[in-house]
Amino acid sequence: MAKNIYEKIWEAHVVYEQPGQDSILYIDRHYVHEVTSPQAFEGLRLAGRKVRRPDMTFATMDHNIPTTDRSKPITDALSRKQVETLRNNCREFGIRCFDITDTRNGIVHVIGPELGLTQPGMTVVCGDSHTATHGALGALAFGIGTSEVEHVLATQTLLQRKSKTMQICVNGTLAPGITAKDVILAIIGKIGANGGTGYVVEYTGDVIRNFSMEGRLTICNMSIEAGARAGLVSPDDTTFAYLKGREYIPKDKAWETLISEWSAWASDPGCGYDRTVELNGADIEPQVTWGTSPEMVAPISGHVPHLSEITDADRRAAAARALEYMGLAEGTPITDIPVNKVFIGSCTNGRLEDLRDAARVVQGYKVDSSIDQALVVPGSQQVKLEAEREGLDKIFREAGFEWRESGCSMCLAMNDDRLNPGDRCAATSNRNFEGRQGKGGRTHLVSPAMAAAAAVKGHFVDIRRWAYK
Amino acid sequence: MEKFVTLHGLVAPLDRMNVDTDQIIPKQFLKRIERTGYADALFYDWRFLADGKTPNPDFELNAPRYQGASILLARDNFGCGSSREHAPWALHDYGFRCILAPSFADIFYNNCFNNGLLPIRLDGKIVDKLFHEVRACEGYALDVNLPDQTIATPSGEVISFEIGAFLKERLLNGWDQIALTLRHEDKILAYERARGII
Ligand code: SF4
């Protein structure tokens with residue numbers, strides 16, 4: 001019988017199917033970061049347990065670290081303690097940790113694929129909801145809570161119920177300037193912030209196939225913003241070309257053997273899904289969120305909604321609250337929304353291709369005088385190095401951007417990079433929740449090119465009409 | 001882990017959809033390395049005025065009539081966003097043991113069961129009705145019975161709810177999941193051998 005990729009990975013990882021209970025599922029990769037792991041390690045210690053597979057567990061520091069000079073100690077005492085705690089836990093339990101000074105350090109969802117740690121057909125977990133990112137490589141990847149982190153550390157397994165499956169098919173051709181970020185925002189706008197709850201999503205169709213691996217990573221990253229714990233793309237030649245030569249690709253097997261093993265995970269032709277959603281790529285415009293949930297999104301040619309346009313009472317109440325928080329009037333054209341901060345980075349859009357896109361836009365331009373801060377924060381140290389090799393840092397600096405060390409930074413504002421109350425930010429990250437980027441801060445989610453253009457113009461503009469220099 | 005069997009509790013309403021875990025507990029409280037002590041962090045940005053101390057009089061949960069509530073009545077997609085288990089920790093530390101909503105985000109839903117919290121999905125119309133009753137009647141309390149999978153209202157109406165058999169067992173017994181899984185360690189080992197992992 002034809003099977004989809006989720007069914008194949010699930011079946012290959014069931015250790016034990018317990019009658020009437022959740023299945024025990026084997027985990028191939030467990031990523032750990034400083035914020036959601038201390039209590040899990042403490043739990044192991046209290047129970048006298050070990051980490052079952054330190055060789056399948058990898059740690060990085062990303063959420064809490066400064067993006068300024070790395071040679072200086074972390075000044076925030078609590079942040080420093082958390083980073084030290086992870087360092088000590090990794091030492092105690094024998095886990096490989098990509099520490100702050102390691103050239104492999106970076107945001108967990110950027111470095112996993114970058115190092116070749118995530119491979120097709122794997123089960124991947126992390127105490128982080130954006131773990132779905134890794135699904136771009138054809139892996140079943142999802143976020144878990146800290147108790148589950150402890151469970152995986154102790155047993156290398158997780159208790160799971162089988163999810164329903166949803167196919168999101170994006171066919172046709174995208175207009176020039178439309179990126180993966182616009183596609184995923186359009187998808188979330190269509191199915192809603194809980195449209196994917198209870199499902200694992202497979203992204204299919206010409207548009208997805210034609211995306212680079214980086215574009216696919218952006219799409220899968222935001223699956224959780226539609227409520228889906230996991231989103232995947234079946235592996236293909238783009239996947240294999242991306243993985244070739246990366247550090248953690250098995251060296252004891254011939255490349256052809258790996259390719260044939262990996263190819264077998266792809267969904268079979270004619271396989272079924274519990275639900276299918278279709279979008280036409282040609283209809284997708286550059287997207288900008290106007291509210292405090294990623295589903296509150298509009299095309300650049302559109303406007304902030306009139307409350308009277310929203311029929312559902314709960315949604316109307318939510319929109320009214322969001323407009324108040326965002327300080328926006330009903331019916332405002334999206335292109336009339338000014339910004340005073342710009343953030344380019346995060347596990348959604350902090351990869352090399354994203355930085356190239358943004359640099360191409362700002363080349364030859366200056367950041368507008370109305371902008372108080374424009375930050376570029378690469379997703380990893382490797383991304384930073386490669387970008388510098390290409391001279392992207394110079395383009396950004398000359399235009400008036402700050403060029404930083406890698407990390408989560410202003411995506412969640414746990415370090416010093418944060419919005420002040422009332423700031424309005426064009427951000428390439430994934431969450432526009434109230435206070436996400438700093439208490440009272442207002443976030444508009446956009447693609448890297450759209451964020452760059454907003455930095456130059458001081459308000460949102462249609463990137464399809466940009467005069468590149 | 002703490003068990004959950006039955007609960008007679010005061011109900012507090014939180015009438016907003018898509019309440020995300022960043023709202024349930026903002027990031028500045030995630031820097032701690034402990035598992036408890038998050039009661040004051042719950043709904044911090046909503047609960048307190050800009051000084052971070054003075055209770056916000058406009059936030060419904062702050063009303064005197066809802067103090068001591070152990071059941072939270074919420075809207076669609078409760079607990080969306082970040083996977084932070086600090087969210088159920090904060091709800092629990094504040095005193096909540098049960099959350100009623102039309103839908104929950106998947107990761108949050110799972111996290112509740114590891115912390116003795118019972119999330120109950122109810123039809124949107126029933127939730128609407130409960131919101132109405134809670135506000136109309138000060139001291140409104142519900143009786144939640146997990147073995148029977150029922151909620152009894154003060155007027156004697158009985159609402160039944162669905163829950164996975166395994167999740168129910170776990171809460172009723174307060175099982176340590178890891179110990180439970182480790183009873184099958186032989187099967188994990190056999191799996192690892194079969195796949196050539198060891
Ligand atoms: S960049 Fe943002 S979304 Fe991604 S892992 Fe870091 S905090 Fe989470």
# chains A, B, ... in the order shown; residues from 1 in each chain; ligands from 1

call {"tool": "closest_atom_pairs", "arguments": {"of": "chain A", "to": "ligand 1", "cutoff": "9 Å", "atoms": "only C-alpha atoms and all ligand atoms", "output": "JSON lines"}}
result
{"residue": "A:Asp62", "atom": "CA", "partner": "ligand 1", "partner_atom_place_in_ligand_line": "6 (Fe)", "distance": 6.6}
{"residue": "A:His63", "atom": "CA", "partner": "ligand 1", "partner_atom_place_in_ligand_line": "6 (Fe)", "distance": 5.5}
{"residue": "A:Asn64", "atom": "CA", "partner": "ligand 1", "partner_atom_place_in_ligand_line": "7 (S)", "distance": 8.9}
{"residue": "A:Ile107", "atom": "CA", "partner": "ligand 1", "partner_atom_place_in_ligand_line": "6 (Fe)", "distance": 6.0}
{"residue": "A:Val108", "atom": "CA", "partner": "ligand 1", "partner_atom_place_in_ligand_line": "5 (S)", "distance": 6.5}
{"residue": "A:His109", "atom": "CA", "partner": "ligand 1", "partner_atom_place_in_ligand_line": "5 (S)", "distance": 6.5}
{"residue": "A:Val110", "atom": "CA", "partner": "ligand 1", "partner_atom_place_in_ligand_line": "4 (Fe)", "distance": 8.6}
{"residue": "A:Asp128", "atom": "CA", "partner": "ligand 1", "partner_atom_place_in_ligand_line": "5 (S)", "distance": 6.7}
{"residue": "A:Ser129", "atom": "CA", "partner": "ligand 1", "partner_atom_place_in_ligand_line": "8 (Fe)", "distance": 7.3}
{"residue": "A:His130", "atom": "CA", "partner": "ligand 1", "partner_atom_place_in_ligand_line": "3 (S)", "distance": 5.9}
{"residue": "A:Thr131", "atom": "CA", "partner": "ligand 1", "partner_atom_place_in_ligand_line": "5 (S)", "distance": 8.0}
{"residue": "A:Asn221", "atom": "CA", "partner": "ligand 1", "partner_atom_place_in_ligand_line": "4 (Fe)", "distance": 8.3}
{"residue": "A:Met222", "atom": "CA", "partner": "ligand 1", "partner_atom_place_in_ligand_line": "3 (S)", "distance": 8.9}
{"residue": "A:Gly345", "atom": "CA", "partner": "ligand 1", "partner_atom_place_in_ligand_line": "1 (S)", "distance": 7.4}
{"residue": "A:Ser346", "atom": "CA", "partner": "ligand 1", "partner_atom_place_in_ligand_line": "1 (S)", "distance": 3.7}
{"residue": "A:Cys347", "atom": "CA", "partner": "ligand 1", "partner_atom_place_in_ligand_line": "4 (Fe)", "distance": 4.2}
{"residue": "A:Thr348", "atom": "CA", "partner": "ligand 1", "partner_atom_place_in_ligand_line": "4 (Fe)", "distance": 6.5}
{"residue": "A:Asn349", "atom": "CA", "partner": "ligand 1", "partner_atom_place_in_ligand_line": "1 (S)", "distance": 8.7}
{"residue": "A:Gly350", "atom": "CA", "partner": "ligand 1", "partner_atom_place_in_ligand_line": "1 (S)", "distance": 8.2}
{"residue": "A:Gly379", "atom": "CA", "partner": "ligand 1", "partner_atom_place_in_ligand_line": "1 (S)", "distance": 7.6}
{"residue": "A:Gly407", "atom": "CA", "partner": "ligand 1", "partner_atom_place_in_ligand_line": "6 (Fe)", "distance": 6.9}
{"residue": "A:Cys408", "atom": "CA", "partner": "ligand 1", "partner_atom_place_in_ligand_line": "6 (Fe)", "distance": 4.0}
{"residue": "A:Ser409", "atom": "CA", "partner": "ligand 1", "partner_atom_place_in_ligand_line": "1 (S)", "distance": 7.1}
{"residue": "A:Met410", "atom": "CA", "partner": "ligand 1", "partner_atom_place_in_ligand_line": "2 (Fe)", "distance": 7.8}
{"residue": "A:Cys411", "atom": "CA", "partner": "ligand 1", "partner_atom_place_in_ligand_line": "2 (Fe)", "distance": 4.5}
{"residue": "A:Leu412", "atom": "CA", "partner": "ligand 1", "partner_atom_place_in_ligand_line": "7 (S)", "distance": 5.0}
{"residue": "A:Ala413", "atom": "CA", "partner": "ligand 1", "partner_atom_place_in_ligand_line": "7 (S)", "distance": 8.0}
{"residue": "A:Met414", "atom": "CA", "partner": "ligand 1", "partner_atom_place_in_ligand_line": "7 (S)", "distance": 8.3}
{"residue": "A:Ser429", "atom": "CA", "partner": "ligand 1", "partner_atom_place_in_ligand_line": "2 (Fe)", "distance": 6.5}
{"residue": "A:Asn430", "atom": "CA", "partner": "ligand 1", "partner_atom_place_in_ligand_line": "3 (S)", "distance": 6.3}
{"residue": "A:Arg431", "atom": "CA", "partner": "ligand 1", "partner_atom_place_in_ligand_line": "3 (S)", "distance": 7.5}

call {"tool": "write_last_selection", "arguments": {"atoms": "N, CA and C atoms", "output": "mmCIF file, in the first residue's frame"}}
result
data_model
loop_
_atom_site.group_PDB
_atom_site.id
_atom_site.type_symbol
_atom_site.label_atom_id
_atom_site.label_comp_id
_atom_site.auth_asym_id
_atom_site.auth_seq_id
_atom_site.Cartn_x
_atom_site.Cartn_y
_atom_site.Cartn_z
ATOM 1 N N ASP A 62 21.973 29.251 22.519
ATOM 2 C CA ASP A 62 21.504 30.173 21.486
ATOM 3 C C ASP A 62 20.503 31.208 22.005
ATOM 4 N N HIS A 63 19.617 30.820 22.900
ATOM 5 C CA HIS A 63 18.510 31.699 23.278
ATOM 6 C C HIS A 63 18.932 32.902 24.120
ATOM 7 N N ASN A 64 19.867 32.645 25.002
ATOM 8 C CA ASN A 64 20.142 33.555 26.101
ATOM 9 C C ASN A 64 21.449 34.310 25.954
ATOM 10 N N ILE A 107 22.002 28.972 16.280
ATOM 11 C CA ILE A 107 20.647 28.600 16.678
ATOM 12 C C ILE A 107 20.454 27.116 16.361
ATOM 13 N N VAL A 108 19.911 26.401 17.304
ATOM 14 C CA VAL A 108 19.815 24.945 17.207
ATOM 15 C C VAL A 108 19.219 24.485 15.863
ATOM 16 N N HIS A 109 18.211 25.199 15.371
ATOM 17 C CA HIS A 109 17.560 24.764 14.134
ATOM 18 C C HIS A 109 18.307 25.215 12.883
ATOM 19 N N VAL A 110 19.317 26.023 13.067
ATOM 20 C CA VAL A 110 20.175 26.373 11.924
ATOM 21 C C VAL A 110 21.339 25.393 11.865
ATOM 22 N N ASP A 128 11.842 22.633 22.059
ATOM 23 C CA ASP A 128 11.676 23.885 21.337
ATOM 24 C C ASP A 128 10.664 23.685 20.220
ATOM 25 N N SER A 129 9.674 24.565 20.161
ATOM 26 C CA SER A 129 8.565 24.321 19.233
ATOM 27 C C SER A 129 8.951 24.455 17.769
ATOM 28 N N HIS A 130 10.061 25.123 17.470
ATOM 29 C CA HIS A 130 10.444 25.267 16.058
ATOM 30 C C HIS A 130 11.297 24.120 15.539
ATOM 31 N N THR A 131 11.325 23.033 16.285
ATOM 32 C CA THR A 131 12.044 21.841 15.849
ATOM 33 C C THR A 131 11.504 21.329 14.517
ATOM 34 N N ASN A 221 9.748 25.469 9.352
ATOM 35 C CA ASN A 221 9.956 26.183 10.619
ATOM 36 C C ASN A 221 8.655 26.698 11.207
ATOM 37 N N MET A 222 7.810 27.258 10.343
ATOM 38 C CA MET A 222 6.607 27.921 10.856
ATOM 39 C C MET A 222 5.384 27.012 10.893
ATOM 40 N N GLY A 345 16.982 38.006 11.020
ATOM 41 C CA GLY A 345 17.643 36.876 11.677
ATOM 42 C C GLY A 345 16.637 35.825 12.077
ATOM 43 N N SER A 346 16.983 34.990 13.061
ATOM 44 C CA SER A 346 16.170 33.910 13.636
ATOM 45 C C SER A 346 16.295 32.597 12.875
ATOM 46 N N CYS A 347 15.722 31.533 13.481
ATOM 47 C CA CYS A 347 15.774 30.220 12.845
ATOM 48 C C CYS A 347 14.854 30.152 11.633
ATOM 49 N N THR A 348 14.000 31.151 11.458
ATOM 50 C CA THR A 348 13.139 31.189 10.275
ATOM 51 C C THR A 348 13.894 31.750 9.081
ATOM 52 N N ASN A 349 14.588 32.849 9.298
ATOM 53 C CA ASN A 349 15.208 33.580 8.183
ATOM 54 C C ASN A 349 16.599 34.105 8.541
ATOM 55 N N GLY A 350 17.410 33.263 9.170
ATOM 56 C CA GLY A 350 18.757 33.708 9.538
ATOM 57 C C GLY A 350 19.842 32.949 8.789
ATOM 58 N N GLY A 379 22.119 33.339 11.706
ATOM 59 C CA GLY A 379 21.582 32.217 12.462
ATOM 60 C C GLY A 379 22.645 31.364 13.123
ATOM 61 N N GLY A 407 22.741 34.063 17.084
ATOM 62 C CA GLY A 407 21.917 33.692 18.240
ATOM 63 C C GLY A 407 20.456 34.024 17.976
ATOM 64 N N CYS A 408 19.621 33.739 18.962
ATOM 65 C CA CYS A 408 18.179 33.981 18.815
ATOM 66 C C CYS A 408 17.847 35.472 18.891
ATOM 67 N N SER A 409 18.578 36.167 19.737
ATOM 68 C CA SER A 409 18.526 37.621 19.751
ATOM 69 C C SER A 409 17.108 38.164 19.878
ATOM 70 N N MET A 410 16.764 39.113 19.027
ATOM 71 C CA MET A 410 15.504 39.834 19.157
ATOM 72 C C MET A 410 14.288 39.024 18.701
ATOM 73 N N CYS A 411 14.500 37.767 18.318
ATOM 74 C CA CYS A 411 13.339 36.923 18.024
ATOM 75 C C CYS A 411 12.526 36.714 19.294
ATOM 76 N N LEU A 412 13.212 36.513 20.429
ATOM 77 C CA LEU A 412 12.453 36.382 21.675
ATOM 78 C C LEU A 412 12.971 37.276 22.789
ATOM 79 N N ALA A 413 14.035 38.042 22.493
ATOM 80 C CA ALA A 413 14.441 39.102 23.419
ATOM 81 C C ALA A 413 14.767 38.615 24.819
ATOM 82 N N MET A 414 15.446 37.480 24.903
ATOM 83 C CA MET A 414 15.903 37.038 26.228
ATOM 84 C C MET A 414 17.234 37.677 26.580
ATOM 85 N N SER A 429 11.446 37.070 11.932
ATOM 86 C CA SER A 429 11.254 35.914 12.804
ATOM 87 C C SER A 429 9.858 35.328 12.612
ATOM 88 N N ASN A 430 9.358 34.612 13.595
ATOM 89 C CA ASN A 430 8.169 33.795 13.369
ATOM 90 C C ASN A 430 6.983 34.098 14.284
ATOM 91 N N ARG A 431 7.195 34.940 15.295
ATOM 92 C CA ARG A 431 6.085 35.187 16.231
ATOM 93 C C ARG A 431 5.884 36.683 16.450
#

call {"tool": "interface_residues", "arguments": {"of": "chain B", "to": "chain A", "cutoff": "8 Å", "atoms": "only C-alpha atoms", "output": "number ranges by chain"}}
result
B: 16-18, 20, 22-23, 26-28, 30-35, 45, 77, 80-85, 105-108, 110-111, 114, 165-166, 177-178, 181-182, 185, 187-188, 191

call {"tool": "write_last_selection", "arguments": {"atoms": "N, CA, C and O atoms", "output": "short mmCIF file (atom, residue, chain, number, x, y, z; two decimals), in the first residue's frame"}}
result
data_model
loop_
_atom_site.label_atom_id
_atom_site.label_comp_id
_atom_site.auth_asym_id
_atom_site.auth_seq_id
_atom_site.Cartn_x
_atom_site.Cartn_y
_atom_site.Cartn_z
N ARG B 16 -10.09 35.08 25.88
CA ARG B 16 -9.28 35.47 24.73
C ARG B 16 -8.90 34.21 23.98
O ARG B 16 -8.58 33.20 24.62
N MET B 17 -8.92 34.26 22.66
CA MET B 17 -8.47 33.10 21.90
C MET B 17 -6.98 33.20 21.62
O MET B 17 -6.37 34.26 21.81
N ASN B 18 -6.38 32.09 21.20
CA ASN B 18 -4.95 32.05 20.87
C ASN B 18 -4.06 32.57 22.00
O ASN B 18 -3.11 33.31 21.74
N ASP B 20 -1.09 32.53 23.94
CA ASP B 20 0.16 31.82 23.68
C ASP B 20 0.98 31.69 24.96
O ASP B 20 0.73 32.39 25.94
N ASP B 22 3.93 32.57 25.51
CA ASP B 22 4.66 33.81 25.83
C ASP B 22 3.81 34.69 26.76
O ASP B 22 4.36 35.43 27.58
N GLN B 23 2.51 34.65 26.61
CA GLN B 23 1.61 35.40 27.51
C GLN B 23 1.47 34.68 28.84
O GLN B 23 1.40 35.31 29.89
N PRO B 26 6.07 35.13 30.37
CA PRO B 26 7.02 35.82 29.49
C PRO B 26 8.47 35.36 29.69
O PRO B 26 8.82 34.82 30.74
N LYS B 27 9.25 35.63 28.64
CA LYS B 27 10.61 35.07 28.56
C LYS B 27 11.53 35.37 29.73
O LYS B 27 12.39 34.56 30.05
N GLN B 28 11.37 36.55 30.39
CA GLN B 28 12.35 36.87 31.43
C GLN B 28 12.32 35.88 32.58
O GLN B 28 13.27 35.79 33.35
N LEU B 30 12.17 32.65 32.08
CA LEU B 30 12.68 31.36 31.60
C LEU B 30 14.16 31.21 31.89
O LEU B 30 14.78 30.23 31.52
N LYS B 31 14.75 32.21 32.53
CA LYS B 31 16.19 32.15 32.78
C LYS B 31 16.50 31.33 34.02
O LYS B 31 17.65 31.00 34.26
N ARG B 32 15.47 31.05 34.82
CA ARG B 32 15.71 30.29 36.03
C ARG B 32 15.92 28.82 35.69
O ARG B 32 15.47 28.34 34.66
N ILE B 33 16.59 28.10 36.58
CA ILE B 33 16.87 26.69 36.29
C ILE B 33 16.06 25.77 37.20
O ILE B 33 16.28 24.58 37.23
N GLU B 34 15.09 26.36 37.94
CA GLU B 34 14.26 25.54 38.83
C GLU B 34 12.93 25.18 38.14
O GLU B 34 12.57 25.75 37.12
N ARG B 35 12.24 24.26 38.77
CA ARG B 35 10.99 23.76 38.22
C ARG B 35 9.77 24.38 38.89
O ARG B 35 8.65 24.22 38.42
N ASP B 45 2.52 40.00 32.05
CA ASP B 45 2.33 41.29 31.34
C ASP B 45 0.87 41.75 31.37
O ASP B 45 0.60 42.93 31.19
N ASN B 77 -7.48 27.33 21.03
CA ASN B 77 -6.04 27.31 20.78
C ASN B 77 -5.24 27.78 22.00
O ASN B 77 -4.22 28.44 21.86
N CYS B 80 -0.85 28.05 22.68
CA CYS B 80 -0.12 27.95 21.41
C CYS B 80 1.25 28.59 21.52
O CYS B 80 1.55 29.28 22.50
N GLY B 81 2.07 28.36 20.52
CA GLY B 81 3.40 28.98 20.49
C GLY B 81 4.47 28.10 21.12
O GLY B 81 4.46 26.88 20.95
N SER B 82 5.33 28.73 21.85
CA SER B 82 6.52 28.10 22.42
C SER B 82 6.19 26.84 23.23
O SER B 82 5.17 26.78 23.90
N SER B 83 7.13 25.88 23.22
CA SER B 83 6.93 24.60 23.91
C SER B 83 7.21 24.70 25.41
O SER B 83 7.07 23.72 26.12
N ARG B 84 7.60 25.86 25.88
CA ARG B 84 8.05 26.02 27.27
C ARG B 84 7.13 25.35 28.29
O ARG B 84 5.95 25.67 28.41
N GLU B 85 7.69 24.41 29.05
CA GLU B 85 6.89 23.74 30.08
C GLU B 85 6.70 24.67 31.27
O GLU B 85 5.92 24.38 32.18
N ALA B 105 -3.29 23.84 22.08
CA ALA B 105 -2.16 23.53 21.22
C ALA B 105 -1.57 22.20 21.66
O ALA B 105 -1.59 21.86 22.85
N ASP B 106 -1.03 21.43 20.71
CA ASP B 106 -0.60 20.05 20.97
C ASP B 106 0.48 19.93 22.05
O ASP B 106 0.39 19.08 22.93
N ILE B 107 1.52 20.74 21.94
CA ILE B 107 2.65 20.58 22.87
C ILE B 107 2.21 20.95 24.28
O ILE B 107 2.49 20.25 25.25
N PHE B 108 1.47 22.04 24.40
CA PHE B 108 0.97 22.46 25.71
C PHE B 108 0.09 21.37 26.32
O PHE B 108 0.21 21.04 27.51
N ASN B 110 0.13 18.15 25.86
CA ASN B 110 0.96 17.06 26.39
C ASN B 110 1.68 17.45 27.66
O ASN B 110 1.78 16.66 28.59
N ASN B 111 2.19 18.68 27.68
CA ASN B 111 2.95 19.13 28.86
C ASN B 111 2.09 19.10 30.11
O ASN B 111 2.58 18.82 31.20
N ASN B 114 2.15 15.94 32.17
CA ASN B 114 3.37 15.65 32.93
C ASN B 114 3.44 16.48 34.20
O ASN B 114 4.45 16.45 34.90
N ALA B 165 -7.54 7.25 26.77
CA ALA B 165 -7.54 6.32 27.89
C ALA B 165 -6.20 6.32 28.63
O ALA B 165 -6.14 6.26 29.86
N PHE B 166 -5.12 6.42 27.86
CA PHE B 166 -3.79 6.34 28.45
C PHE B 166 -3.48 7.60 29.26
O PHE B 166 -2.96 7.54 30.37
N GLN B 177 6.51 8.69 34.16
CA GLN B 177 6.60 8.19 32.80
C GLN B 177 7.88 7.45 32.51
O GLN B 177 7.90 6.46 31.79
N ILE B 178 8.97 8.00 33.03
CA ILE B 178 10.28 7.42 32.69
C ILE B 178 10.38 6.01 33.28
O ILE B 178 10.77 5.06 32.60
N THR B 181 8.38 3.67 31.12
CA THR B 181 9.03 3.32 29.86
C THR B 181 10.21 2.38 30.11
O THR B 181 10.44 1.45 29.34
N LEU B 182 10.92 2.64 31.20
CA LEU B 182 12.10 1.81 31.46
C LEU B 182 11.73 0.36 31.79
O LEU B 182 12.59 -0.52 31.73
N GLU B 185 12.77 -1.57 28.81
CA GLU B 185 14.13 -1.33 28.36
C GLU B 185 14.64 -2.44 27.47
O GLU B 185 15.40 -2.19 26.52
N LYS B 187 13.05 -3.97 25.26
CA LYS B 187 12.57 -3.75 23.90
C LYS B 187 13.35 -2.62 23.23
O LYS B 187 13.59 -2.64 22.02
N ILE B 188 13.73 -1.62 24.01
CA ILE B 188 14.54 -0.54 23.45
C ILE B 188 15.89 -1.10 23.00
O ILE B 188 16.37 -0.81 21.90
N TYR B 191 15.51 -3.10 19.87
CA TYR B 191 15.33 -2.19 18.73
C TYR B 191 16.69 -1.65 18.28
O TYR B 191 17.01 -1.63 17.10
#

call {"tool": "residues_around", "arguments": {"residues": "Glu285 in chain A", "least_positions_apart": "2", "cutoff": "7 Å", "atoms": "only C-alpha atoms", "output": "list in words"}}
result
Ile178, Asp283, Gln287, Pro299 and Ile300 of chain A

call {"tool": "residues_around", "arguments": {"residues": "Lys3 in chain B", "least_positions_apart": "2", "cutoff": "7 Å", "atoms": "only C-alpha atoms", "output": "PyMOL selection string"}}
result
chain B and resi 1+5+116+171-174

call {"tool": "residues_around", "arguments": {"residues": "range 137-148 of chain B", "least_positions_apart": "3", "cutoff": "7 Å", "atoms": "only C-alpha atoms", "output": "short mmCIF file (atom, residue, chain, number, x, y, z; two decimals) with all heavy atoms, in the first residue's frame"}}
result
data_model
loop_
_atom_site.label_atom_id
_atom_site.label_comp_id
_atom_site.auth_asym_id
_atom_site.auth_seq_id
_atom_site.Cartn_x
_atom_site.Cartn_y
_atom_site.Cartn_z
N VAL B 5 -7.69 13.22 40.35
CA VAL B 5 -8.84 12.31 40.34
C VAL B 5 -10.13 13.12 40.24
O VAL B 5 -10.81 13.11 39.23
CB VAL B 5 -8.85 11.38 41.57
CG1 VAL B 5 -10.01 10.39 41.46
CG2 VAL B 5 -7.53 10.62 41.68
N THR B 6 -10.43 13.86 41.30
CA THR B 6 -11.60 14.74 41.25
C THR B 6 -11.21 16.12 41.75
O THR B 6 -10.19 16.27 42.44
CB THR B 6 -12.75 14.22 42.15
OG1 THR B 6 -12.26 14.16 43.50
CG2 THR B 6 -13.23 12.86 41.71
N LEU B 7 -12.01 17.10 41.39
CA LEU B 7 -11.71 18.47 41.79
C LEU B 7 -13.01 19.24 41.94
O LEU B 7 -13.86 19.21 41.05
CB LEU B 7 -10.83 19.13 40.71
CG LEU B 7 -10.56 20.63 40.85
CD1 LEU B 7 -9.61 20.91 42.01
CD2 LEU B 7 -9.94 21.19 39.57
N HIS B 8 -13.16 19.91 43.10
CA HIS B 8 -14.24 20.88 43.25
C HIS B 8 -13.55 22.22 43.29
O HIS B 8 -12.76 22.49 44.18
CB HIS B 8 -15.03 20.63 44.54
CG HIS B 8 -16.04 21.71 44.81
ND1 HIS B 8 -17.28 21.72 44.23
CD2 HIS B 8 -15.97 22.83 45.57
CE1 HIS B 8 -17.94 22.80 44.63
NE2 HIS B 8 -17.16 23.49 45.44
N GLY B 9 -13.79 23.07 42.27
CA GLY B 9 -13.00 24.29 42.23
C GLY B 9 -13.73 25.49 41.67
O GLY B 9 -14.63 25.39 40.83
N LEU B 10 -13.28 26.65 42.18
CA LEU B 10 -13.77 27.95 41.69
C LEU B 10 -13.26 28.14 40.26
O LEU B 10 -12.14 27.78 39.94
CB LEU B 10 -13.21 29.03 42.61
CG LEU B 10 -13.72 30.46 42.46
CD1 LEU B 10 -15.18 30.54 42.91
CD2 LEU B 10 -12.86 31.40 43.32
N VAL B 11 -14.10 28.74 39.42
CA VAL B 11 -13.75 28.91 38.00
C VAL B 11 -13.40 30.37 37.73
O VAL B 11 -14.11 31.28 38.18
CB VAL B 11 -14.92 28.49 37.10
CG1 VAL B 11 -14.54 28.60 35.62
CG2 VAL B 11 -15.36 27.07 37.43
N ARG B 65 -13.32 38.25 43.19
CA ARG B 65 -14.22 37.08 43.15
C ARG B 65 -13.55 35.84 42.53
O ARG B 65 -14.03 34.73 42.71
CB ARG B 65 -15.49 37.42 42.37
CG ARG B 65 -15.23 37.89 40.96
CD ARG B 65 -16.50 38.28 40.24
NE ARG B 65 -17.30 37.12 39.90
CZ ARG B 65 -18.32 37.14 39.05
NH1 ARG B 65 -18.70 38.28 38.49
NH2 ARG B 65 -18.99 36.05 38.79
N GLU B 133 -22.31 31.73 32.50
CA GLU B 133 -22.68 31.36 33.87
C GLU B 133 -21.66 31.85 34.90
O GLU B 133 -22.03 32.32 35.98
CB GLU B 133 -22.85 29.83 33.98
CG GLU B 133 -24.08 29.33 33.22
CD GLU B 133 -24.24 27.81 33.27
OE1 GLU B 133 -23.48 27.14 33.99
OE2 GLU B 133 -25.14 27.31 32.56
N VAL B 134 -20.37 31.73 34.56
CA VAL B 134 -19.31 32.16 35.49
C VAL B 134 -19.48 33.63 35.84
O VAL B 134 -19.40 34.04 36.99
CB VAL B 134 -17.92 31.95 34.87
CG1 VAL B 134 -16.84 32.66 35.68
CG2 VAL B 134 -17.59 30.48 34.79
N ILE B 151 -18.21 16.78 34.18
CA ILE B 151 -18.14 18.05 34.90
C ILE B 151 -19.56 18.37 35.35
O ILE B 151 -20.48 18.38 34.52
CB ILE B 151 -17.65 19.19 33.98
CG1 ILE B 151 -16.28 18.85 33.39
CG2 ILE B 151 -17.60 20.52 34.72
CD1 ILE B 151 -15.87 19.77 32.25
N ALA B 152 -19.75 18.63 36.65
CA ALA B 152 -21.08 18.98 37.13
C ALA B 152 -21.14 20.46 37.46
O ALA B 152 -20.24 21.00 38.12
CB ALA B 152 -21.42 18.16 38.38
N THR B 153 -22.18 21.14 36.97
CA THR B 153 -22.34 22.58 37.23
C THR B 153 -23.15 22.76 38.52
O THR B 153 -23.79 21.82 39.00
CB THR B 153 -23.07 23.27 36.06
OG1 THR B 153 -24.43 22.85 36.08
CG2 THR B 153 -22.44 22.94 34.73
N PRO B 154 -23.15 23.99 39.07
CA PRO B 154 -23.89 24.22 40.32
C PRO B 154 -25.37 23.88 40.18
O PRO B 154 -26.01 23.47 41.15
CB PRO B 154 -23.70 25.72 40.57
CG PRO B 154 -22.46 26.09 39.83
CD PRO B 154 -22.41 25.19 38.65
#
